[in-house]
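Asks: One structure coming up, written as C-alpha cells, with questions to follow.
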Amino acid sequence: MLDRLADDFAAVAPDVEFWSLRLVDETTEALTVRQGVLQPPFNHRSRGAMVTIIDGGGIGYAATSDLSPAGLAQAAARALAWARRSAGKGLVDVKDFPRPVHRGEYRTPVEHPWESVALGDKIAWLMDACAALKIDPRIVDWQSSLAHTRSDTLLRTSSGGSIRQTFEYLSPGLVAVANEGSQTQRRTGGGEDAACQGGLEQLARLGFPDDARRIAEEALMLLSAPECPTGTMDLLLMPSQMMLQIHESIGHPLELDRILGDERNYAGTSFVTLDMFGSYRYGSELLNVTFDPTRPEQLASYGYDDEGSRAERVHIIRNGILERPLGGATSQARAQGMAGTANARACSWNRPPIDRMANLNVEPGTSSFGDLVRSIERGVLMDTNRSWSIDDSRNKFQFGCELGRVIEDGELKRLVRNPNYRGISATFWRSLAGVGNRDTFQVLGVRNCGKGEPNQVIHVGHAAPACVFRNVEVFGGE
Amino acid sequence: MFRDYFFELADKLTARLRGDEVLLCSLTGEDSDFVRLNRNRIRQAGSVQQRVLSLDLIKGRRHAAGQLGLSGHMEQDTAQAAALMESLRAQRPHLPEDPYLHYATEARSTEQVHDHALPPSDEALDQIMRAAEGMDLVGIWANGATFAGFANSLGQRNWHSSATFNFDWSCHHAGDKAVKNGYAGSRWQLEVLLAKMEAMRAELELMQRPPKTIAPGRYRVYLAPAALREILDMLAWGGFGLKSHRTAQTPLIKMVREGRRLHPSVTLLEHGAAGFGPMFTPHGFIKPDHVVLIKDGAYGECLADPRAAKEYGVAVNSAGESPEAFDMAPGTLARSDVPAALDTGLYINNLWYCNFSDRSNCRITGMTRFACFWVENGRITAPVNVMRFDESVYHILGGRLLGLTRERELILDSGTYGQRSLQSYHLPGALVDGFTFTL
C-alpha cells in the first residue's frame with residue numbers, strides 16, 4: 001500500500017527543488033492483565049504522511065492522516081507554503097538538508113511471529129504470569145503485559161531515494177507492588193521498560209514470564225530492608241541501571257542538535273562543545289561507547305534514518321576519548337561537516353526528524369561479575385532504574401534504583417531499599433573502574449525518551465555490561 | 001465542521017452494530033502550525049493535521065477497544081472503522097467478561113466551542129522575530145484548532161473545540177544563562193508580546209552579572225508559579241488517582257495512612273470548569289466542575305476514572321486520574337513584597353526534570369533552570385548557577401511553607417506529545433524556608 005501511495009504522490013507532486021514523502025503505517029496490539037483481570041485489549045493503527053518541500057530557499061513540512069491523493073496534494077501545498085514563508089528566515093541553509101538517493105530495505109528478523117500464538121493463548125500466558133506475582137497479601141498491585149507493534153515506513157524522495165523499512169517491536173512486562181503501612185516498594189521485570197525488536201522468541205531473554213516470582217519476592221523483601229547507606233563509596237551498576245546512566249549522561253549531551261542549540265528552550269543544552277570532539281577525555285580508558293544500529297534484537301536498530309542516511313556501527317567514545325557526536329546529516333552539515341551518525345529520527349509520521357540516540361551501547365570489558373564484586377571494599381550494587389533527573393546541560397544528575405545490595409570486603413551482603421546516587425557527568429565516567437564481560441552484558445532499551453519541539457517521545461536502545469564506579473555519593477530514603 | 005462529520009460517522013458505525021452491541025466512539029484531533037525557532041531564526045516550520053478515532057465495542061460485559069486515524073473522507077473512514085469493528089468483534093469470543101467495564105448510559109449531550117480568530121502564523125512570527133531582534137531566542141510557536149468528541153450508540157453526543165496559540169520561548173545570554181517566558185491564549189495582542197520581550201531584555205541584563213555558586217545546604221527560596229508547577233506535576237504523578245490511592249502507590253501515602261497534612265494554606269483543586277479541556281471523558285461521563293484534592297492541607301478526594309470508579313465503588317470524576325486543570329488557592333503575600341519577604345535567598349523562576357528520590361516520603365529531586373537569582377536584603381544581586389534540590393513536599397508545602405502569593409498565574413501547558421496539550425495551571429508563588437540543595 002505504501003508504495004502505491006508514494007507512486008500516486010510522485011505523479012502529482014509539485015514542481016519544486018526537492019520533496020520527500022515519509023509514510024508510516026503502524027499497528028499496535030497491547031494486552032494487560034492486572035490483578036487477574038484482563039484490561040480492555042488495545043488495538044491501534046496509525047497511518048499518515050509527512051511531506052517535506054525545499055523550494056526558493058525555504059523548507060517546510062506538512063503532516064496529514066488523510067492519505068487520499070487529494071489529502072497528500074493538500075499536504076504538499078501546505079508544506080510549500082511553509083517553505084515560502086521560511087525563505088530568508090531559516091536558521092539552516094537549505095543546501096545543508098540531505099537529498100537522499102539510496103534505494104534500500106530493512107526488516108526486523110523474526111523467528112516466532114506475534115500472530116503465531118492465538119489471542120486466547122497470549123491471554124492465558126498473561127493470566128499465569130499475573131498469578132505468579134501474587135505470592136503474598138502484601139502484594140497490593142500486580143500486573144503482566146505484552147504488546148506488539150509493527151511499523152511499516154517508506155521514505156520516497158524526488159532525488160530518487162526510496163527506503164522501505166519494516167520494524168517489529170515487542171514489549172513484555174511484569175510489575176509487583178508491595179505495601180506495609182506507609183512503605184510501598186515496586187519491582188519490575190520481564191522486559192518492563194526494556195522492549196526489543198523481534199518476535200516472541202525474545203520473551204525468554206527478557207525474563208518473561210520467569211521473572212515473576214523473583215520480583216514479587218524482592219518487592220516484599222524491600223519492605224523491611226534497611227535504607228541504602230549514605231556516604232561516598234563504590235557503585236556497581238547493573239545493565240538495567242547502566243542503560244539510564246548511558247542515556248542521560250552520554251546520549252543526551254552528545255546529541256548534536258542540542259550542542260547546536262536547538263533544544264535550549266526545552267530538553268536543554270549540553271556541557272559538551274564542538275571543540276571537544278577528537279580530544280576530550282569523557283571517561284576512563286575502560287570506556288568504549290558505540291552507536292550500533294546493527295544489533296537485530298535491539299530496540300532502535302534500522303538500516304536508514306528518517307533523513308535517508310545509511311546507518312552503521314561507529315565508535316562514539318574510544319578508550320575514554322570522545323570521537324564523534326550523535327548527529328544526523330543536517331546537523332553534521334551545520335557543524336561544518338563534522339562526522340556524526342545516522343540518527344535523524346521522527347517518532348511518527350506527524351513529526352519531523354531530529355537527532356536522537358538510537359542504539360547507544362557501552363561495549364563489554366573483561367571482568368567477570370565476581371571480579372567486579374571482589375574489587376569493591378565498600379559499596380552498593382544498584383539494579384533497575386526508577387528515578388532519573390539531570391540538569392539541562394546534562395551534567396549534574398541524580399538517579400535512583402528499585403533495589404540495592406550492600407557490598408563489603410568484596411562480597412555481596414544485605415538488600416537495601418531506596419538506593420540513590422548523584423554525580424556530575426563530566427567527571428563520573430572518569431571514575432569507571434571496572435567493566436563487566438559479555439556474561440554480564442544485556443541488551444535493553446528505553447521506550448519513552450522525550451525531546452523536541454513539537455514534542456516527540458521515541459524508543460532508544462542501550463546495551464551494557466555491569467560496571468563499577470569509584471567514590472560515588474550514595475544515599476537512601478527518608 | 002468536523003463535529004458534524006464525526007457525529008455522522010458515529011451514526012454510520014452505530015448502524016453496523018449487531019444485536020445488543022454498544023459502541024463508544026471518541027475523537028481527538030488538531031489542525032496546528034508548529035514553528036521551531038533557534039537564534040531567532042526558523043529551524044523547522046510546518047503544520048500537522050490529525051484526527052484519531054477510538055472505538056470501544058461492547059457486548060454484555062465483554063469488549064475490546066481500538067484506535068485508527070481518520071482521513072476525513074466518509075466512505076474511506078467508514079470502511080476502515082467498520083473493519084476495526086469487525087476485528088474487535090472477532091476478538092470478543094476470546095475475551096473474559098470485564099468486571100470493571102464502565103461507560104455512561106445516560107445520554108448527556110454537551111457542546112463547548114471556543115473558536116476564535118487566531119493570528120496568521122506568519123504574521124505572528126514576523127512580529128516575534130522583530131520583537132526579539134538582537135536576542136538569541138529559542139522556542140516553539142504552536143497555533144490552531146484542537147478538538148475532541150464523544151458519541152455512543154445510546155444517542156449521547158459531546159463536542160469540544162478550541163482555537164489557541166501557545167508561544168513558549170527563552171532568550172539566552174551564554175551557556176545555560178537564559179530567561180524563559182510564555183504567551184498563550186486565543187486573542188493575540190502584540191503589546192502583550194512586546195511587554196514580555198522588554199521584561200526579558202531587562203532580566204537578560206541581570207543574567208550578565210557574574211553568577212553565584214551556592215554551597216549545598218538549606219536556603220530560603222521563592223518558587224515562582226512556573227517553578228511550583230514542577231512540584232505539583234510530581235504530585236499529579238499518582239498523587240491523586242484513586243487506583244494509586246487504593247494500591248498504596250500514591251506519593252502522598254503518609255497523608256492517607258498517617259493523617260499527615262500539608263500547610264493549612266494549601267488548597268488544591270482539579271478545576272475542570274475553569275480549564276481548557278473537554279468536560280466529558282472518552283467513556284461519556286461528564287466531569288464535575290471541580291474536585292477538591294487538598295483542602296486546608298488535608299487530603300481530599302481522589303480522581304476516579306471509569307475503571308477505578310467501578311472497581312472501588314465511587315463516582316467517576318476524571319478521564320485519567322491526573323489533574324488537567326490544576327488550581328491552587330492564593331495566599332496573602334503580595335507579589336511586590338516577595339523580594340523583601342525573601343530577604344536573603346534564591347528567587348527561583350523555573351525548576352526542571354523533577355523525580356522522586358523517596359516516593360513513600362514524597363521526597364523530590366530536581367534542578368533549577370533559566371533565570372534564578374540570588375537575593376540579598378531584598379535585592380537581586382546575581383544569577384545563580386544551576387543547583388540540584390532534594391526535598392520532601394511535606395516540607396515545601398508543609399512545615400517550611402512561609403506563604404503563598406495573593407496573585408496567581410494562569411499557565412497553559414505548551415506540551416505537544418502526540419497532540420497539543422489542553423492542560424492548565426492556575427497557581428500562586430510560594431515562599432519556602434529551609435529548602436535543601438545538594439549538588
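Residues in the C-alpha cells are named by chain (A, B, ... in the order shown) and by number from 1 within that chain; ligands are numbered from 1 in the order shown.
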Would you mind listing what lies within 10 Å of range 336-342 of chain B as a PyMOL selection string, with only C-alpha atoms counted and same-chain residues fewer than 5 positions away left out?
Replies: chain B and resi 220-222+224+347+375-380+402-407+429-433
Asks: Take the residues that were just selected and, keeping N, CA and C atoms, output them as a short mmCIF file (atom, residue, chain, number, x, y, z; two decimals), in the first residue's frame.
Replies:
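Writing done, so here's again_34.cif:
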data_model
loop_
_atom_site.label_atom_id
_atom_site.label_comp_id
_atom_site.auth_asym_id
_atom_site.auth_seq_id
_atom_site.Cartn_x
_atom_site.Cartn_y
_atom_site.Cartn_z
N ARG B 220 16.49 29.81 52.07
CA ARG B 220 15.17 30.39 51.90
C ARG B 220 14.97 30.63 50.41
N VAL B 221 13.82 30.22 49.87
CA VAL B 221 13.61 30.35 48.42
C VAL B 221 12.21 30.88 48.14
N TYR B 222 12.10 31.53 46.99
CA TYR B 222 10.78 31.85 46.44
C TYR B 222 10.62 31.02 45.17
N ALA B 224 8.53 30.73 42.01
CA ALA B 224 7.55 31.40 41.15
C ALA B 224 6.54 30.36 40.67
N TYR B 347 15.64 33.35 44.38
CA TYR B 347 14.40 33.61 43.66
C TYR B 347 14.41 32.66 42.46
N VAL B 375 19.26 36.65 46.03
CA VAL B 375 18.70 37.88 46.58
C VAL B 375 19.33 38.14 47.94
N GLU B 376 19.78 39.34 48.14
CA GLU B 376 20.35 39.72 49.45
C GLU B 376 19.65 40.97 49.94
N ASN B 377 19.16 40.90 51.13
CA ASN B 377 18.45 42.05 51.73
C ASN B 377 17.37 42.57 50.80
N GLY B 378 16.68 41.66 50.16
CA GLY B 378 15.55 42.03 49.32
C GLY B 378 15.92 42.54 47.95
N ARG B 379 17.19 42.42 47.54
CA ARG B 379 17.61 42.91 46.22
C ARG B 379 18.34 41.80 45.46
N ILE B 380 18.00 41.69 44.17
CA ILE B 380 18.70 40.71 43.34
C ILE B 380 20.14 41.15 43.17
N LEU B 402 6.24 29.37 54.03
CA LEU B 402 6.05 30.64 54.74
C LEU B 402 4.86 31.42 54.20
N GLY B 403 4.54 31.21 52.93
CA GLY B 403 3.40 31.96 52.39
C GLY B 403 3.21 31.72 50.91
N LEU B 404 2.00 31.97 50.47
CA LEU B 404 1.66 31.89 49.05
C LEU B 404 1.27 33.28 48.58
N THR B 405 1.54 33.56 47.32
CA THR B 405 1.25 34.91 46.84
C THR B 405 -0.25 35.11 46.62
N ARG B 406 -0.64 36.37 46.72
CA ARG B 406 -2.03 36.74 46.51
C ARG B 406 -2.39 36.64 45.03
N GLU B 407 -1.40 37.00 44.19
CA GLU B 407 -1.64 36.94 42.74
C GLU B 407 -1.30 35.54 42.23
N GLY B 429 2.71 31.90 43.70
CA GLY B 429 4.10 31.57 44.02
C GLY B 429 4.18 31.18 45.48
N ALA B 430 5.31 30.56 45.87
CA ALA B 430 5.43 30.06 47.25
C ALA B 430 6.77 30.49 47.85
N LEU B 431 6.70 31.02 49.05
CA LEU B 431 7.90 31.37 49.81
C LEU B 431 8.18 30.24 50.79
N VAL B 432 9.38 29.67 50.71
CA VAL B 432 9.69 28.47 51.49
C VAL B 432 11.00 28.67 52.24
N ASP B 433 11.03 28.23 53.46
CA ASP B 433 12.25 28.30 54.26
C ASP B 433 12.94 26.93 54.26
#
Asks: Could you write out, as a PyMOL selection string, all the residues of range 311-427 of chain A that DSSP marks as alpha helix (DSSP H)?
Replies: chain A and resi 329-334+369-374+425-427
Asks: Between B:Leu17, B:Ile364, B:Leu190, B:Ala104, single out the one closest to chain A, counting only C-alpha atoms.
Replies: B:Ile364
Asks: Between A:Glu297, A:Asp193, A:Asp383, A:Glu307, which is the closest to Leu236 in chain A once you count only C-alpha atoms?
Replies: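 With only C-alpha atoms as the atom set, the closest residue is A:Asp383.
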Asks: Return as a list in words the full set of residues in range 252-336 of chain A whose backbone-based DSSP assignment is strand (DSSP E).
Replies: Val289, Thr290, Phe291, Val314, His315, Ile316, Ile317, Arg318, Ile321 and Leu322 of chain A
Asks: Excluding Pro172 in chain A and its own-chain neighbours fewer than 2 positions away, which residues fall within 9 Å of it when counting only C-alpha atoms? Please give them as a PyMOL selection string.
Replies: chain A and resi 144-148+170+174+189-195+203+206+208-209
Asks: Would you please work out which residue, of A:Thr157, A:Thr294, A:Gln398, A:Ser309, is nearest to Arg388 in chain B when using only C-alpha atoms?
Replies: A:Gln398
Asks: Using only C-alpha atoms, which residues sit within 7 Å of range 353-361 of chain A once same-chain residues fewer than 5 positions away are excluded, as a list in words?
Replies: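 The residues that qualify are Gly251, Glu255, Leu256, Asp257, Val289, Thr290, Phe291, Asp292, Pro293, Ala300, Ser301, Asp306, Leu326, Gly327, Gly328, Asn343, Ala344, Arg345, Ala346, Val460, Gly461, His462, Ala463 and Ala464 of chain A.
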Asks: Need the shell around Gly404 in chain A: protein/DNA/RNA residues with any atom at most 8 Å away, counting only C-alpha atoms. Skip same-chain ones fewer than 5 positions apart. Format as number ranges by chain?
Replies: A: 228, 380-383, 415-419
